[in-house]
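J.: Enclosed is the structure file query.txt (compact mmCIF, C-alpha atoms).
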# COMPACT_ATOMS: atom_id res chain seq x y z
CA MET A 1 -17.56 8.41 -28.30
CA THR A 2 -14.17 9.61 -27.17
CA ARG A 3 -12.98 8.96 -23.69
CA LYS A 4 -13.29 12.02 -21.48
CA GLU A 5 -10.19 13.14 -19.67
CA LYS A 6 -10.34 12.14 -16.04
CA GLU A 7 -8.96 14.09 -13.14
CA TYR A 8 -6.81 11.14 -12.10
CA ASP A 9 -5.23 10.79 -15.57
CA ASP A 10 -2.49 13.23 -14.60
CA ILE A 11 -0.58 10.94 -12.26
CA PRO A 12 2.64 9.54 -13.76
CA GLY A 13 3.44 5.82 -13.91
CA THR A 14 0.00 4.79 -12.66
CA PHE A 15 -2.98 2.97 -14.15
CA VAL A 16 -6.12 3.74 -12.17
CA PHE A 17 -8.29 0.62 -12.40
CA ASP A 18 -11.63 2.25 -13.11
CA ALA A 19 -14.80 0.94 -14.76
CA ASP A 20 -13.35 1.44 -18.26
CA ARG A 21 -10.23 -0.60 -17.48
CA SER A 22 -12.32 -3.14 -15.60
CA ARG A 23 -14.54 -3.65 -18.65
CA GLN A 24 -11.56 -3.87 -21.00
CA GLY A 25 -9.68 -6.27 -18.73
CA TYR A 26 -12.53 -8.45 -17.53
CA TRP A 27 -11.46 -11.72 -19.20
CA LEU A 28 -7.79 -11.00 -18.69
CA ASN A 29 -8.42 -10.62 -14.96
CA GLN A 30 -10.64 -13.69 -14.81
CA PHE A 31 -7.89 -15.64 -16.57
CA CYS A 32 -5.35 -14.41 -14.01
CA ILE A 33 -7.54 -15.25 -11.02
CA SER A 34 -7.94 -18.82 -12.34
CA LEU A 35 -4.25 -19.21 -11.44
CA SER A 36 -4.97 -18.77 -7.74
CA LYS A 37 -6.37 -22.33 -7.76
CA GLU A 38 -4.25 -25.42 -8.41
CA GLU A 39 -6.69 -26.61 -11.06
CA GLY A 40 -6.12 -23.46 -13.11
CA ARG A 41 -2.37 -23.54 -12.60
CA GLN A 42 -2.23 -27.16 -13.78
CA ALA A 43 -4.29 -26.37 -16.88
CA PHE A 44 -2.01 -23.40 -17.72
CA ARG A 45 1.12 -25.53 -17.17
CA ASP A 46 -0.22 -28.35 -19.33
CA ASP A 47 -1.26 -26.19 -22.27
CA PRO A 48 -0.90 -22.41 -21.94
CA GLU A 49 -2.68 -21.59 -25.20
CA ALA A 50 -5.61 -23.89 -24.49
CA HIS A 51 -6.05 -22.45 -21.01
CA MET A 52 -5.90 -18.87 -22.33
CA ALA A 53 -8.43 -19.78 -25.02
CA LYS A 54 -11.05 -20.44 -22.33
CA TYR A 55 -11.19 -16.68 -21.69
CA LYS A 56 -12.36 -14.17 -24.27
CA MET A 57 -9.16 -12.16 -24.32
CA THR A 58 -7.87 -10.06 -27.18
CA GLU A 59 -4.78 -11.16 -29.06
CA GLU A 60 -2.92 -8.19 -27.54
CA GLN A 61 -3.80 -9.38 -24.04
CA LYS A 62 -2.69 -12.92 -24.82
CA GLN A 63 0.58 -11.62 -26.25
CA ALA A 64 1.21 -9.54 -23.12
CA ILE A 65 0.69 -12.73 -21.08
CA ARG A 66 3.12 -14.69 -23.28
CA ASP A 67 5.63 -11.83 -23.00
CA ARG A 68 5.03 -11.40 -19.26
CA ASP A 69 4.90 -7.70 -20.08
CA TRP A 70 3.68 -6.58 -16.66
CA ASN A 71 2.99 -2.92 -17.42
CA ARG A 72 1.35 -3.75 -20.75
CA LEU A 73 -1.01 -6.11 -18.88
CA LEU A 74 -2.08 -3.18 -16.71
CA GLU A 75 -2.45 -0.93 -19.73
CA LEU A 76 -4.77 -3.49 -21.32
CA GLY A 77 -7.09 -3.56 -18.34
CA GLY A 78 -5.32 -5.89 -15.96
CA ASN A 79 -5.41 -5.13 -12.27
CA ILE A 80 -2.35 -5.73 -10.13
CA TYR A 81 -4.18 -7.99 -7.65
CA TYR A 82 -5.01 -10.22 -10.62
CA THR A 83 -1.82 -9.97 -12.67
CA SER A 84 0.19 -10.74 -9.51
CA LYS A 85 -1.35 -14.24 -9.63
CA LEU A 86 0.44 -14.73 -12.97
CA GLY A 87 3.57 -13.47 -11.23
CA ALA A 88 3.03 -15.97 -8.41
CA PHE A 89 2.55 -18.71 -11.04
CA ASP A 90 6.05 -17.87 -12.28
CA GLY A 91 7.36 -17.89 -8.71
CA ILE A 92 7.89 -14.11 -8.63
CA VAL A 93 7.33 -12.51 -5.22
CA PHE A 94 5.32 -9.31 -5.11
CA GLN A 95 8.24 -7.03 -4.36
CA ASP A 96 10.22 -8.33 -7.34
CA LEU A 97 7.19 -7.81 -9.56
CA ALA A 98 7.04 -4.20 -8.34
CA ALA A 99 10.73 -3.82 -9.18
CA MET A 100 10.15 -5.13 -12.71
CA MET A 101 7.20 -2.80 -13.30
CA SER A 102 9.20 0.20 -12.17
CA GLY A 103 12.18 -0.78 -14.34
CA MET A 104 14.56 -1.32 -11.43
CA SER A 105 16.71 -4.24 -10.37
CA ARG A 106 15.35 -6.15 -7.38
CA GLU A 107 18.34 -5.02 -5.29
CA ASP A 108 17.89 -1.34 -6.17
CA TYR A 109 14.14 -1.52 -5.55
CA ARG A 110 14.55 -3.29 -2.23
CA LYS A 111 17.13 -0.72 -1.15
CA MET A 112 14.82 2.13 -2.19
CA MET A 113 12.05 0.68 0.00
CA VAL A 114 14.33 0.13 3.00
CA ASP A 115 15.53 3.73 2.59
CA GLY A 116 11.96 5.02 2.87
CA GLY A 117 10.38 4.26 -0.50
CA ARG A 118 9.89 6.30 -3.66
CA SER A 119 9.47 9.94 -2.71
CA PRO A 120 6.33 11.77 -3.84
CA GLU A 121 8.60 14.69 -4.80
CA GLY A 122 8.75 14.87 -8.58
CA ASN A 123 6.28 11.99 -8.89
CA ARG A 124 2.90 13.70 -8.55
CA TYR A 125 2.22 15.00 -12.09
CA LYS A 126 3.04 13.72 -15.56
CA SER A 127 4.71 17.02 -16.43
CA GLU A 128 7.31 16.31 -13.73
CA TRP A 129 8.30 13.09 -15.51
CA GLU A 130 8.38 14.70 -18.95
CA LYS A 131 11.07 17.09 -17.72
CA LYS A 132 13.34 14.18 -16.76
CA MET B 1 -26.05 -2.17 25.93
CA ALA B 2 -23.31 -2.91 23.42
CA LYS B 3 -20.56 -0.30 23.48
CA ILE B 4 -17.79 0.61 21.07
CA THR B 5 -14.92 1.27 23.47
CA ALA B 6 -12.07 1.55 20.97
CA GLY B 7 -11.12 2.05 17.35
CA ILE B 8 -8.04 0.46 15.91
CA ALA B 9 -6.36 1.36 12.63
CA CYS B 10 -3.94 -1.13 11.19
CA SER B 11 -2.21 -1.91 7.90
CA HIS B 12 -2.91 -5.41 6.61
CA VAL B 13 0.23 -6.02 4.53
CA PRO B 14 0.26 -9.75 3.65
CA ALA B 15 3.99 -9.99 4.37
CA ILE B 16 3.26 -9.18 8.06
CA GLY B 17 1.20 -12.38 8.21
CA VAL B 18 3.87 -14.32 6.37
CA ALA B 19 6.55 -13.08 8.82
CA MET B 20 4.43 -14.29 11.75
CA ASP B 21 3.56 -17.62 10.10
CA GLN B 22 7.25 -18.26 9.34
CA HIS B 23 8.39 -17.06 12.80
CA ILE B 24 10.85 -14.52 11.43
CA THR B 25 9.55 -11.49 13.33
CA ASP B 26 12.89 -11.13 15.17
CA GLN B 27 14.85 -10.61 11.97
CA PRO B 28 16.33 -7.11 11.64
CA TYR B 29 13.97 -6.29 8.74
CA TRP B 30 10.86 -7.19 10.76
CA GLN B 31 11.90 -6.35 14.32
CA PRO B 32 10.97 -2.62 14.09
CA VAL B 33 7.59 -3.52 12.56
CA PHE B 34 6.62 -5.89 15.37
CA GLU B 35 8.16 -3.85 18.18
CA GLY B 36 5.42 -1.31 17.59
CA PHE B 37 2.74 -3.98 18.09
CA GLU B 38 3.99 -5.17 21.49
CA TYR B 39 2.11 -2.44 23.35
CA SER B 40 -0.99 -3.20 21.27
CA ARG B 41 -1.09 -6.85 22.32
CA GLU B 42 -0.75 -5.95 25.99
CA TRP B 43 -3.42 -3.27 25.63
CA ASN B 44 -5.66 -5.76 23.83
CA LYS B 45 -5.40 -8.29 26.69
CA LYS B 46 -6.40 -5.63 29.20
CA ASN B 47 -9.25 -4.30 27.07
CA LYS B 48 -10.41 -7.57 25.60
CA PRO B 49 -13.26 -7.16 23.11
CA ASP B 50 -16.23 -9.52 22.92
CA VAL B 51 -16.74 -8.57 19.29
CA VAL B 52 -14.48 -6.95 16.71
CA PHE B 53 -16.23 -5.15 13.86
CA LEU B 54 -13.54 -5.46 11.22
CA VAL B 55 -13.50 -3.20 8.16
CA TYR B 56 -11.18 -4.54 5.48
CA ASN B 57 -10.96 -5.17 1.78
CA ASP B 58 -11.02 -8.43 -0.07
CA HIS B 59 -8.18 -8.87 -2.59
CA CYS B 60 -10.05 -10.73 -5.36
CA THR B 61 -10.43 -13.70 -3.02
CA ALA B 62 -14.11 -13.88 -2.10
CA PHE B 63 -14.99 -11.52 -4.93
CA ASP B 64 -13.36 -11.83 -8.33
CA ALA B 65 -14.12 -9.39 -11.15
CA SER B 66 -17.61 -10.87 -11.61
CA VAL B 67 -19.09 -9.36 -8.42
CA ILE B 68 -17.87 -6.11 -6.85
CA PRO B 69 -19.99 -5.03 -3.87
CA THR B 70 -19.08 -1.63 -2.44
CA PHE B 71 -19.96 -2.68 1.13
CA ALA B 72 -20.47 -6.36 2.03
CA LEU B 73 -21.32 -7.38 5.60
CA GLY B 74 -20.41 -10.86 6.79
CA CYS B 75 -23.47 -12.53 8.32
CA ALA B 76 -22.33 -16.17 8.12
CA ALA B 77 -21.70 -18.21 11.27
CA GLU B 78 -18.01 -18.45 10.43
CA PHE B 79 -15.46 -17.45 7.82
CA THR B 80 -12.64 -19.69 6.63
CA PRO B 81 -9.17 -18.24 5.94
CA ALA B 82 -8.82 -18.45 2.17
CA ASP B 83 -6.22 -19.99 -0.08
CA GLU B 84 -4.82 -16.95 -1.90
CA GLY B 85 -2.57 -18.99 -4.16
CA TRP B 86 -0.02 -20.38 -1.70
CA GLY B 87 -2.27 -22.23 0.77
CA PRO B 88 -4.47 -20.80 3.54
CA ARG B 89 -2.75 -19.00 6.45
CA PRO B 90 -2.38 -21.37 9.44
CA VAL B 91 -4.73 -19.35 11.65
CA PRO B 92 -8.09 -20.07 13.31
CA VAL B 93 -11.44 -19.98 11.57
CA VAL B 94 -13.10 -16.60 12.20
CA LYS B 95 -16.34 -16.87 14.19
CA ASN B 96 -19.15 -14.36 13.94
CA HIS B 97 -21.66 -13.05 16.46
CA GLN B 98 -24.38 -13.91 14.00
CA GLU B 99 -27.41 -12.41 15.78
CA PHE B 100 -25.58 -9.14 16.30
CA ALA B 101 -24.40 -9.10 12.67
CA SER B 102 -27.98 -9.64 11.46
CA HIS B 103 -29.15 -6.78 13.66
CA ILE B 104 -26.45 -4.50 12.22
CA ALA B 105 -27.38 -5.51 8.66
CA GLN B 106 -31.02 -4.67 9.26
CA SER B 107 -30.21 -1.43 11.07
CA LEU B 108 -27.85 -0.25 8.30
CA VAL B 109 -30.34 -0.84 5.50
CA LEU B 110 -33.12 0.93 7.39
CA ASP B 111 -30.57 3.70 7.99
CA GLU B 112 -30.26 3.90 4.17
CA PHE B 113 -26.90 2.12 3.76
CA ASP B 114 -27.79 -0.51 1.17
CA ILE B 115 -25.16 -3.08 1.99
CA THR B 116 -24.66 -6.52 0.51
CA ILE B 117 -25.26 -9.42 2.92
CA MET B 118 -22.77 -12.29 2.79
CA ASN B 119 -24.03 -15.62 4.14
CA GLU B 120 -20.98 -17.44 2.81
CA MET B 121 -17.56 -15.87 2.53
CA ASP B 122 -13.91 -16.85 2.83
CA VAL B 123 -11.64 -14.19 4.27
CA ASP B 124 -8.15 -13.26 3.13
CA HIS B 125 -5.09 -11.54 4.63
CA GLY B 126 -6.96 -8.24 4.68
CA LEU B 127 -8.93 -9.57 7.63
CA THR B 128 -6.60 -12.09 9.27
CA VAL B 129 -3.43 -9.96 9.39
CA PRO B 130 -4.91 -7.25 11.68
CA LEU B 131 -6.28 -9.99 13.97
CA SER B 132 -2.81 -11.57 14.12
CA VAL B 133 -1.30 -8.17 14.90
CA MET B 134 -3.66 -7.62 17.84
CA PHE B 135 -4.13 -11.18 19.14
CA GLY B 136 -0.64 -12.60 18.48
CA ASP B 137 0.40 -16.04 17.25
CA LYS B 138 -2.46 -18.50 16.82
CA THR B 139 -2.70 -21.96 15.27
CA PRO B 140 -5.70 -23.32 13.37
CA GLU B 141 -6.67 -25.29 16.52
CA ASP B 142 -6.84 -22.11 18.62
CA ASP B 143 -9.64 -19.64 19.01
CA TRP B 144 -9.06 -16.02 17.98
CA GLY B 145 -10.32 -14.93 21.41
CA THR B 146 -13.02 -12.71 19.98
CA LEU B 147 -16.01 -12.90 17.71
CA VAL B 148 -15.64 -10.95 14.46
CA ILE B 149 -18.12 -9.20 12.19
CA PRO B 150 -16.40 -8.54 8.85
CA LEU B 151 -17.26 -5.65 6.56
CA ALA B 152 -15.59 -5.86 3.14
CA VAL B 153 -15.18 -2.56 1.26
CA ASN B 154 -14.39 -2.33 -2.44
CA VAL B 155 -11.11 -0.48 -2.90
CA VAL B 156 -9.90 -2.51 -5.89
CA GLN B 157 -12.02 -1.01 -8.66
CA TYR B 158 -12.13 2.78 -8.76
CA PRO B 159 -14.02 4.49 -7.28
CA ALA B 160 -13.91 3.17 -3.75
CA PRO B 161 -16.64 4.73 -1.60
CA THR B 162 -15.63 8.28 -0.65
CA ALA B 163 -13.99 9.14 2.64
CA ASN B 164 -17.13 11.05 3.52
CA ARG B 165 -19.41 8.11 2.78
CA CYS B 166 -17.18 5.79 4.78
CA TYR B 167 -17.31 8.17 7.74
CA ALA B 168 -21.11 8.36 7.52
CA LEU B 169 -21.26 4.55 7.39
CA GLY B 170 -19.20 4.47 10.57
CA GLN B 171 -21.77 6.72 12.21
CA ALA B 172 -24.54 4.37 11.11
CA ILE B 173 -22.62 1.37 12.49
CA ARG B 174 -22.38 3.25 15.77
CA ARG B 175 -26.16 3.71 15.85
CA ALA B 176 -26.63 0.01 15.11
CA VAL B 177 -24.27 -1.03 17.91
CA ASP B 178 -25.80 1.42 20.40
CA SER B 179 -29.23 -0.08 19.78
CA TRP B 180 -28.15 -3.67 20.55
CA ASP B 181 -29.32 -4.63 24.02
CA GLU B 182 -26.52 -6.88 25.19
CA ASP B 183 -23.68 -5.82 27.50
CA ILE B 184 -20.73 -6.44 25.22
CA ASN B 185 -17.46 -4.69 24.53
CA VAL B 186 -17.01 -3.89 20.83
CA HIS B 187 -13.85 -2.73 19.05
CA ILE B 188 -13.96 -1.43 15.50
CA TYR B 189 -10.99 -1.89 13.16
CA GLY B 190 -10.20 0.18 10.07
CA THR B 191 -7.52 -1.64 8.12
CA GLY B 192 -5.29 -1.19 5.08
CA GLY B 193 -2.84 1.50 4.04
CA MET B 194 -0.89 3.49 4.62
CA SER B 195 0.80 4.99 1.56
CA HIS B 196 1.70 2.38 -1.04
CA GLN B 197 1.60 1.79 -4.76
CA LEU B 198 1.94 -1.79 -5.96
CA GLN B 199 1.68 -1.23 -9.69
CA ALA B 200 3.32 0.24 -12.77
CA GLU B 201 6.34 2.52 -12.99
CA ARG B 202 5.56 4.54 -9.84
CA ALA B 203 5.47 1.38 -7.68
CA GLY B 204 7.07 1.85 -4.29
CA LEU B 205 5.70 5.32 -3.62
CA ILE B 206 5.68 6.19 0.10
CA ASN B 207 4.60 9.52 1.59
CA ALA B 208 5.50 9.50 5.27
CA THR B 209 4.74 13.20 5.78
CA TRP B 210 1.24 12.81 4.40
CA ASP B 211 0.63 9.62 6.39
CA GLN B 212 1.55 11.27 9.69
CA GLN B 213 -0.63 14.30 8.93
CA PHE B 214 -3.49 11.97 8.04
CA MET B 215 -3.21 10.24 11.41
CA ASP B 216 -3.21 13.63 13.15
CA ILE B 217 -6.35 14.88 11.45
CA LEU B 218 -8.10 11.52 11.61
CA VAL B 219 -7.70 11.55 15.38
CA ASN B 220 -8.28 15.23 16.14
CA GLU B 221 -10.12 16.76 13.18
CA PRO B 222 -12.16 13.96 11.59
CA GLU B 223 -14.38 16.53 9.85
CA LYS B 224 -11.31 17.47 7.80
CA ALA B 225 -10.31 13.86 7.16
CA ARG B 226 -13.71 13.01 5.69
CA LYS B 227 -13.20 15.65 3.00
CA ILE B 228 -10.05 14.10 1.51
CA SER B 229 -10.64 13.46 -2.19
CA HIS B 230 -9.89 10.28 -4.09
CA VAL B 231 -7.44 12.13 -6.33
CA GLU B 232 -5.49 13.30 -3.29
CA PHE B 233 -5.28 9.73 -1.98
CA LEU B 234 -4.14 8.44 -5.40
CA ARG B 235 -1.60 11.18 -6.11
CA GLU B 236 -0.15 11.62 -2.62
CA THR B 237 -0.31 8.09 -1.21
CA GLY B 238 -0.14 5.83 -4.27
CA SER B 239 -2.86 3.95 -6.10
CA GLU B 240 -3.32 1.47 -3.23
CA GLY B 241 -3.14 4.15 -0.52
CA ILE B 242 -6.83 4.71 -1.18
CA GLU B 243 -7.42 1.80 1.22
CA MET B 244 -7.21 4.44 3.94
CA VAL B 245 -10.88 5.33 3.31
CA MET B 246 -11.53 2.27 5.49
CA TRP B 247 -9.94 4.06 8.45
CA LEU B 248 -12.73 6.64 8.09
CA VAL B 249 -15.39 3.97 8.74
CA MET B 250 -13.67 3.20 12.04
CA ARG B 251 -13.35 6.87 12.95
CA GLY B 252 -17.00 7.60 12.14
CA ALA B 253 -18.11 5.01 14.69
CA LEU B 254 -16.28 6.82 17.52
CA ASP B 255 -17.00 10.00 19.45
CA GLU B 256 -15.80 13.32 18.11
CA LYS B 257 -13.18 13.41 20.89
CA VAL B 258 -11.10 10.29 21.40
CA THR B 259 -7.88 9.47 23.23
CA GLU B 260 -4.97 8.29 21.14
CA VAL B 261 -3.25 5.74 23.36
CA HIS B 262 -0.87 4.31 20.79
CA ARG B 263 0.65 5.15 17.42
CA HIS B 264 3.11 3.16 15.36
CA TYR B 265 4.53 4.02 11.95
CA HIS B 266 7.26 2.24 10.06
CA VAL B 267 8.56 2.07 6.48
CA PRO B 268 8.67 -0.46 4.92
CA ALA B 269 6.87 -3.74 5.20
CA SER B 270 7.46 -5.08 1.71
CA ASN B 271 6.09 -2.24 -0.51
CA THR B 272 4.02 -0.48 2.12
CA ALA B 273 4.14 2.06 4.95
CA VAL B 274 2.83 0.40 8.11
CA GLY B 275 0.52 2.58 10.20
CA HIS B 276 -1.31 1.72 13.38
CA LEU B 277 -3.44 3.61 15.91
CA ILE B 278 -5.35 2.69 19.05
CA LEU B 279 -8.06 5.19 19.91
CA GLU B 280 -10.09 4.89 23.09
CA ASN B 281 -13.70 5.94 22.93
CA HIS B 282 -15.30 7.28 26.09
CA ALA B 283 -18.95 6.78 25.22
Mind converting the file's structure to structure tokens?
T.:
Amino acid sequence: MTRKEKEYDDIPGTFVFDADRSRQGYWLNQFCISLSKEEGRQAFRDDPEAHMAKYKMTEEQKQAIRDRDWNRLLELGGNIYYTSKLGAFDGIVFQDLAAMMSGMSREDYRKMMVDGGRSPEGNRYKSEWEKK
Amino acid sequence: MAKITAGIACSHVPAIGVAMDQHITDQPYWQPVFEGFEYSREWNKKNKPDVVFLVYNDHCTAFDASVIPTFALGCAAEFTPADEGWGPRPVPVVKNHQEFASHIAQSLVLDEFDITIMNEMDVDHGLTVPLSVMFGDKTPEDDWGTLVIPLAVNVVQYPAPTANRCYALGQAIRRAVDSWDEDINVHIYGTGGMSHQLQAERAGLINATWDQQFMDILVNEPEKARKISHVEFLRETGSEGIEMVMWLVMRGALDEKVTEVHRHYHVPASNTAVGHLILENHA
């Protein structure tokens, strides 16, 4: 069965966390949420591979965790409220994580936000990004 | 008879709570955010609620990926501020009006809103930040100064309930409150928003024009606001802007005509546009 196109697919730079992503990312997200408790953080510090092995993640998901590839984690079914716990584990504040995901330096991202944020102009449809 | 006398919309950006907890609200970055809440705190003292019905979303704190209720009503005696990974916020335990909450639960289900009933639940920044905004600085030894009935709405996994469904739920909450035979003053909060996207390459999206128009129609033309589609929320206000469906629950519980006594809008607080409304209901 091929995945039907969804009306929210045509938004650039965005992973909509729907039931398909939720299913795909279930163990990845449960792994991430374990890091919101000290017990889970200690286990991950002590032996990252052993802690990851407790969750039925795919090798791709585990590699994205090892690489701290934040957008790849989302692509593989991670949800930002979960993957941000991995960020917090690394001591990364939310805004800096947002900067990394959008491919900007923390200073440039922070300045963009103070100046009013990323404009919706040119950021509504994928075709607008393909032209860039 | 219990009466809903006001509806309050308020962002629940975690950094607002952190700024209060660290006493840095006077810093230039935060000053314009908190300046807009000064009126609200004075108004809140003059119009003190007995009960706040607080519509918010849980951020994978009480509910991880294993359980995702669309609407979950807090019926426990009290709710403890949760540890979200960096220790619980130093704020009071949230106390419920348990008999009233049970009445609302029963009324909603008989009114065909099949909610989940929570007899144990920790609450996260989604609930405590709006209380801090309205009630000011509190320590864990203090009392919030109001009882609180929490309603958690799923906005993490798509689809969140529609704007229309949220509005209709607000109407059902109104019927439940109106049928409670105790002379109490009730405020209803719709929290979250406004425009923000926390994830992927489009992170940082803010749409101030859309946000202001949304506040206009929410106040004056709620029948239009309830028709906003999920795709419009996602595309125009960012993937996390969809939290604004929770403002529709609040609006649905008020009269068709309300008086907007206060509006505050500021960009940014961290990654988010801060929006806030106080609407008086003349029921």
J.: Atom CA of A:Leu76 to atom CA of A:Asp108: how many Å, to one decimal?
T.: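 Taking atom CA of A:Leu76 as the start and atom CA of A:Asp108 as the end point, the length is 27.3 Å.
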J.: So which one's closest to B:Ala160, B:Leu198, B:Leu279, B:Leu234, B:Val93? Using only C-alpha atoms, please.
T.: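 Ranked by minimum distance to B:Ala160, first place goes to B:Leu234.
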J.: When you look at B:Gly36 with a cut-off of 12 Å (counting all atoms listed in the file), what residues show up, excluding the ones that are within fewer than 3 positions of it in the same chain? I need them as a PyMOL selection string.
T.: chain B and resi 10+25+30-33+39-42+133-134+262-266+274-278
J.: Just to be explicit: take each residue in the selection above, keep C-alpha atoms, and write the result as an mmCIF file, keeping the file's coordinate frame.
T.:
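And here's again_12.cif as it stands now:
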data_model
loop_
_atom_site.group_PDB
_atom_site.id
_atom_site.type_symbol
_atom_site.label_atom_id
_atom_site.label_comp_id
_atom_site.auth_asym_id
_atom_site.auth_seq_id
_atom_site.Cartn_x
_atom_site.Cartn_y
_atom_site.Cartn_z
ATOM 1 C CA CYS B 10 -3.940 -1.130 11.190
ATOM 2 C CA THR B 25 9.550 -11.490 13.330
ATOM 3 C CA TRP B 30 10.860 -7.190 10.760
ATOM 4 C CA GLN B 31 11.900 -6.350 14.320
ATOM 5 C CA PRO B 32 10.970 -2.620 14.090
ATOM 6 C CA VAL B 33 7.590 -3.520 12.560
ATOM 7 C CA TYR B 39 2.110 -2.440 23.350
ATOM 8 C CA SER B 40 -0.990 -3.200 21.270
ATOM 9 C CA ARG B 41 -1.090 -6.850 22.320
ATOM 10 C CA GLU B 42 -0.750 -5.950 25.990
ATOM 11 C CA VAL B 133 -1.300 -8.170 14.900
ATOM 12 C CA MET B 134 -3.660 -7.620 17.840
ATOM 13 C CA HIS B 262 -0.870 4.310 20.790
ATOM 14 C CA ARG B 263 0.650 5.150 17.420
ATOM 15 C CA HIS B 264 3.110 3.160 15.360
ATOM 16 C CA TYR B 265 4.530 4.020 11.950
ATOM 17 C CA HIS B 266 7.260 2.240 10.060
ATOM 18 C CA VAL B 274 2.830 0.400 8.110
ATOM 19 C CA GLY B 275 0.520 2.580 10.200
ATOM 20 C CA HIS B 276 -1.310 1.720 13.380
ATOM 21 C CA LEU B 277 -3.440 3.610 15.910
ATOM 22 C CA ILE B 278 -5.350 2.690 19.050
#
J.: Would you compute the distance between atom CA of A:Tyr109 and atom CA of B:Asn271? Give it in Å to one decimal.
T.: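 If I compute the distance from atom CA of A:Tyr109 to atom CA of B:Asn271, I get 9.5 Å.
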J.: Identify which of the residues A:Val93, A:Tyr26, A:Glu130, A:Glu5 lies closest to chain B, counting all atoms listed in the file when measuring atom-to-atom distances.
T.: A:Tyr26
J.: Chain B residues within 7 Å of chain A, counting all atoms listed in the file: which ones, as a PyMOL selection string?
T.: chain B and resi 59-60+65+84-85+157-159+198-207+231+235-236+239+267-268+270-271
J.: Using all atoms listed in the file, which residues sit within 10 Å of B:Ile228 once same-chain residues fewer than 5 positions away are excluded, as a short mmCIF file (atom, residue, chain, number, x, y, z; two decimals) with C-alpha atoms, keeping the file's coordinate frame?
T.:
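part-v3.cif was written with the following content:
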data_model
loop_
_atom_site.label_atom_id
_atom_site.label_comp_id
_atom_site.auth_asym_id
_atom_site.auth_seq_id
_atom_site.Cartn_x
_atom_site.Cartn_y
_atom_site.Cartn_z
CA THR B 162 -15.63 8.28 -0.65
CA ALA B 163 -13.99 9.14 2.64
CA ASN B 164 -17.13 11.05 3.52
CA PHE B 214 -3.49 11.97 8.04
CA GLU B 223 -14.38 16.53 9.85
CA PHE B 233 -5.28 9.73 -1.98
CA VAL B 245 -10.88 5.33 3.31
#
J.: What lies within 9 Å of B:Phe113 using all atoms listed in the file, ignoring chain neighbours under 3 positions off, as a list in words?
T.: Phe71, Ser107, Leu108, Val109, Leu110, Leu169 and Ala172 of chain B
